[in-house]
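The structure under discussion appears below in the form of structure tokens.
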Amino acid sequence: MSGENTCAIFFSGGTDSTCVSALMAERFRELHLLTFTRHGISYAEHSQKAAQALRQKFPGTRFVHKIISTNRLFEYTAYHDYLRSLLRYGYYMLSSCTFCSLSWHARMAAYCLDNGITHAADGITRELLHYGGHMDANLKAAREFYARLGIEYENPVRNWDIPPSTQFINKITQDYDTPQMSDPDKLGRTTGRYLYEHGLMPSPDIKGSRLDQAMQIRCFDFFLYNMMVFWLQLSRKDYGTFEKDMHELYRDKLSQFEKLLNEYKKDGPGSRMARLLEK
């Protein structure tokens with residue numbers, strides 16, 4: 001099928017990525033749902049449940065669901081040219097969640113190039129704004145990164161509201177001293193409500209529930225990342241400075257991957273990027 005009729009989606013199987021998949025099913029005839037996994041991530045197979053629910057809801061759309069390892073890409077992101085990076089970025093080299101985001105972008109871009117896909121999307125909202133991959137400046141850098149490779153990258157639910165239950169959990173466990181999310185008294189459109197109204201979920205807000213846990217990948221590396229953010233960074237600098245520092249790291253790593261991907265386009269299997277790609 002033509003790449004213009006196809007979209008690749010970062011797909012965890014959770015509420016946000018399932019919502020984006022439903023939105024894109026209205027626009028594209030074929031969706032590639034890509035669930036990325038690596039050491040430290042568990043239950044990638046749980047994402048199959050949401051993928052099957054989407055197939056049943058949208059029989060006119062072809063869904064291709066793949067679970068792809070990104071171990072090598074993650075290790076490259078975290079450890080390539082390590083001494084230079086350590087001297088330049090210091091404790092930011094403990095940014096496991098940011099490196100995960102970067103390695104997923106690199107793998108998504110390579111997948112799109114391999115399959116002639118010119119559209120990509122994800123379900124990032126304004127939740128967890130201390131994550132490098134969730135920051136406005138870094139999303140802009142990612143969109144520019146994809147555009148230079150001939151791919152349009154979208155964040156369709158970026159400015160949708162966040163359910164109160166999620167805001168409360170984040171507030172007490174990790175999201176203090178970072179920009180506030182939606183006002184719970186002025187909630188409008190949420191990803192959970194959209195799925196509920198379209199018959200894909202039994203409730204408007206399942207985040208954190210057993211059903212939610214049974215549907216998507218699980219990762220606990222965020223404990224270490226949060227220690228770096230809140231104990232080593234935000235305890236001694238404001239969020240604006242932290243965001244600026246993280247953006248410098250993010251942009252640097254994206255630039256490295258862009259060079260590898262351009263080499264991959266030219267040299268294919270003989271390129272350095274090809275050796276980092278796993279099935």
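By convention here, the chains of the structure tokens are called A, B, ... in the order presented, each chain's residues are numbered starting at 1, and ligands are numbered starting at 1 in the order presented.
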
Each residue of region 109-176 of chain A lying at most 10 Å from region 21-34 of chain A should get a row with its shortest atom-to-atom pair and the distance in Å to one decimal, counting only C-alpha atoms; could you produce that, ordered by chain and increasing number, as a tab-separated table?
```
residue	atom	partner	partner_atom	distance
A:Tyr111	CA	A:Leu34	CA	9.2
A:Cys112	CA	A:His32	CA	9.6
A:Ile117	CA	A:His32	CA	9.3
A:His119	CA	A:Phe28	CA	9.7
A:Ala120	CA	A:His32	CA	9.1
A:Ala121	CA	A:Met24	CA	8.5
A:Asp122	CA	A:Ser21	CA	8.4
A:Gly123	CA	A:Ser21	CA	8.5
A:Pro156	CA	A:Leu23	CA	8.3
A:Val157	CA	A:Leu23	CA	9.5
```

Would you output that residue set with C-alpha atoms, as a tab-separated table (two decimals), in the first residue's frame?
```tsv
chain	number	residue	atom	x	y	z
A	111	TYR	CA	11.05	1.42	10.09
A	112	CYS	CA	9.33	4.16	8.11
A	117	ILE	CA	5.88	5.20	5.28
A	119	HIS	CA	3.49	9.53	8.42
A	120	ALA	CA	4.15	8.72	12.09
A	121	ALA	CA	2.25	9.58	15.28
A	122	ASP	CA	2.21	8.98	19.01
A	123	GLY	CA	-0.06	9.50	22.01
A	156	PRO	CA	-2.64	14.47	17.85
A	157	VAL	CA	-3.62	14.38	21.55
```

task = Can you check which residues of region 52-275 of chain A DSSP gives as helix (DSSP H, G or I) on the backbone and send them as a PyMOL selection string?
result = chain A and resi 52-57+71-79+82-94+96-115+132-134+136-148+164-173+184-186+191-197+210-215+222-233+239-270+272-275

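With distances restricted to only C-alpha atoms, A:Glu243 is the closest residue to Thr98 (chain A) from A:Glu243, A:Glu263, A:Asp238, A:Glu258.
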
key: Å distance separating CA of Arg88 (chain A) from CA of Asp252 (chain A), one decimal place   = 10.9 Å

inquiry  = From the options A:Arg251, A:Arg84, A:Lys279, A:Arg62, which residue's atoms come nearest to Ala8 (chain A), counting only C-alpha atoms?
reply    = A:Arg62

key: Distance query Arg158 (chain A) at most 6 Å, only C-alpha atoms, self and fewer than 3 positions along chain excluded, as number ranges by chain   = A: 124-125, 155

Using only N, CA and C atoms, please write the residues we just selected to a file, as a PDB file, in the first residue's frame.
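The resulting part-v3.pdb:
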```pdb
ATOM      1  N   ILE A 124       1.514  11.086  22.958  1.00  0.00           N
ATOM      2  CA  ILE A 124       2.045  11.948  24.017  1.00  0.00           C
ATOM      3  C   ILE A 124       1.047  13.054  24.350  1.00  0.00           C
ATOM      4  N   THR A 125       0.762  13.196  25.645  1.00  0.00           N
ATOM      5  CA  THR A 125      -0.094  14.276  26.144  1.00  0.00           C
ATOM      6  C   THR A 125       0.785  15.237  26.948  1.00  0.00           C
ATOM      7  N   ASN A 155       1.566  14.652  16.931  1.00  0.00           N
ATOM      8  CA  ASN A 155       1.166  14.380  18.320  1.00  0.00           C
ATOM      9  C   ASN A 155      -0.294  14.808  18.471  1.00  0.00           C
TER      10      ASN A 155
END
```

inquiry  = as a PyMOL selection string, please: the residues near Phe74 (chain A) (cut-off 12 Å, only C-alpha atoms, same-chain neighbours under 3 positions excluded).
reply    = chain A and resi 36-40+69-71+77-80+95-107+253+257+276-278

Would you save the residues of that selection, restricted to C-alpha atoms, as an mmCIF file, in the first residue's frame?
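Result file follows (selection09.cif):
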```cif
data_model
loop_
_atom_site.group_PDB
_atom_site.id
_atom_site.type_symbol
_atom_site.label_atom_id
_atom_site.label_comp_id
_atom_site.auth_asym_id
_atom_site.auth_seq_id
_atom_site.Cartn_x
_atom_site.Cartn_y
_atom_site.Cartn_z
ATOM 1 C CA PHE A 36 9.129 -1.132 21.156
ATOM 2 C CA THR A 37 10.716 -3.117 23.950
ATOM 3 C CA ARG A 38 14.119 -3.618 25.567
ATOM 4 C CA HIS A 39 15.716 -4.974 28.726
ATOM 5 C CA GLY A 40 13.815 -3.390 31.613
ATOM 6 C CA SER A 69 13.496 -4.826 20.310
ATOM 7 C CA THR A 70 15.516 -1.626 20.715
ATOM 8 C CA ASN A 71 18.251 -2.934 23.021
ATOM 9 C CA THR A 77 22.172 6.199 22.802
ATOM 10 C CA ALA A 78 23.376 5.802 26.369
ATOM 11 C CA TYR A 79 26.995 4.744 25.846
ATOM 12 C CA HIS A 80 28.295 5.827 22.433
ATOM 13 C CA SER A 95 18.502 9.865 31.721
ATOM 14 C CA SER A 96 17.340 6.329 30.941
ATOM 15 C CA CYS A 97 13.801 7.375 29.985
ATOM 16 C CA THR A 98 15.115 10.082 27.662
ATOM 17 C CA PHE A 99 17.482 7.615 25.997
ATOM 18 C CA CYS A 100 14.585 5.208 25.586
ATOM 19 C CA SER A 101 12.575 7.915 23.826
ATOM 20 C CA LEU A 102 15.475 8.740 21.514
ATOM 21 C CA SER A 103 16.114 5.106 20.613
ATOM 22 C CA TRP A 104 12.424 4.645 19.805
ATOM 23 C CA HIS A 105 12.471 7.667 17.508
ATOM 24 C CA ALA A 106 15.504 6.248 15.720
ATOM 25 C CA ARG A 107 13.820 2.860 15.314
ATOM 26 C CA LYS A 253 21.540 12.646 20.284
ATOM 27 C CA PHE A 257 20.918 9.412 14.796
ATOM 28 C CA LEU A 276 21.911 -1.489 15.481
ATOM 29 C CA LEU A 277 18.511 -2.599 14.188
ATOM 30 C CA GLU A 278 16.757 -5.623 15.655
#
```

request  = Determine the nearest neighbour of Gln233 (chain A) from the options A:Leu94, A:Ala109, A:Met201, A:Leu211, counting only C-alpha atoms.
outcome  = A:Leu94

message = Considering only strand (DSSP E) as DSSP defines it on the backbone, what residues of region 50-214 of chain A qualify? List them as a VMD selection string.
response = chain A and resid 62 to 69 119 to 121 152 to 154

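With only C-alpha atoms as the atoms that count, the minimum distance from Asn159 (chain A) to the choices A:His130, A:Arg189, A:Ala53, A:Ala137 is reached by A:Arg189.
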
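Residue nearest Met246 (chain A), chosen from A:Ala147, A:Leu113, A:Val229, A:Met215 and counting only C-alpha atoms: A:Val229.
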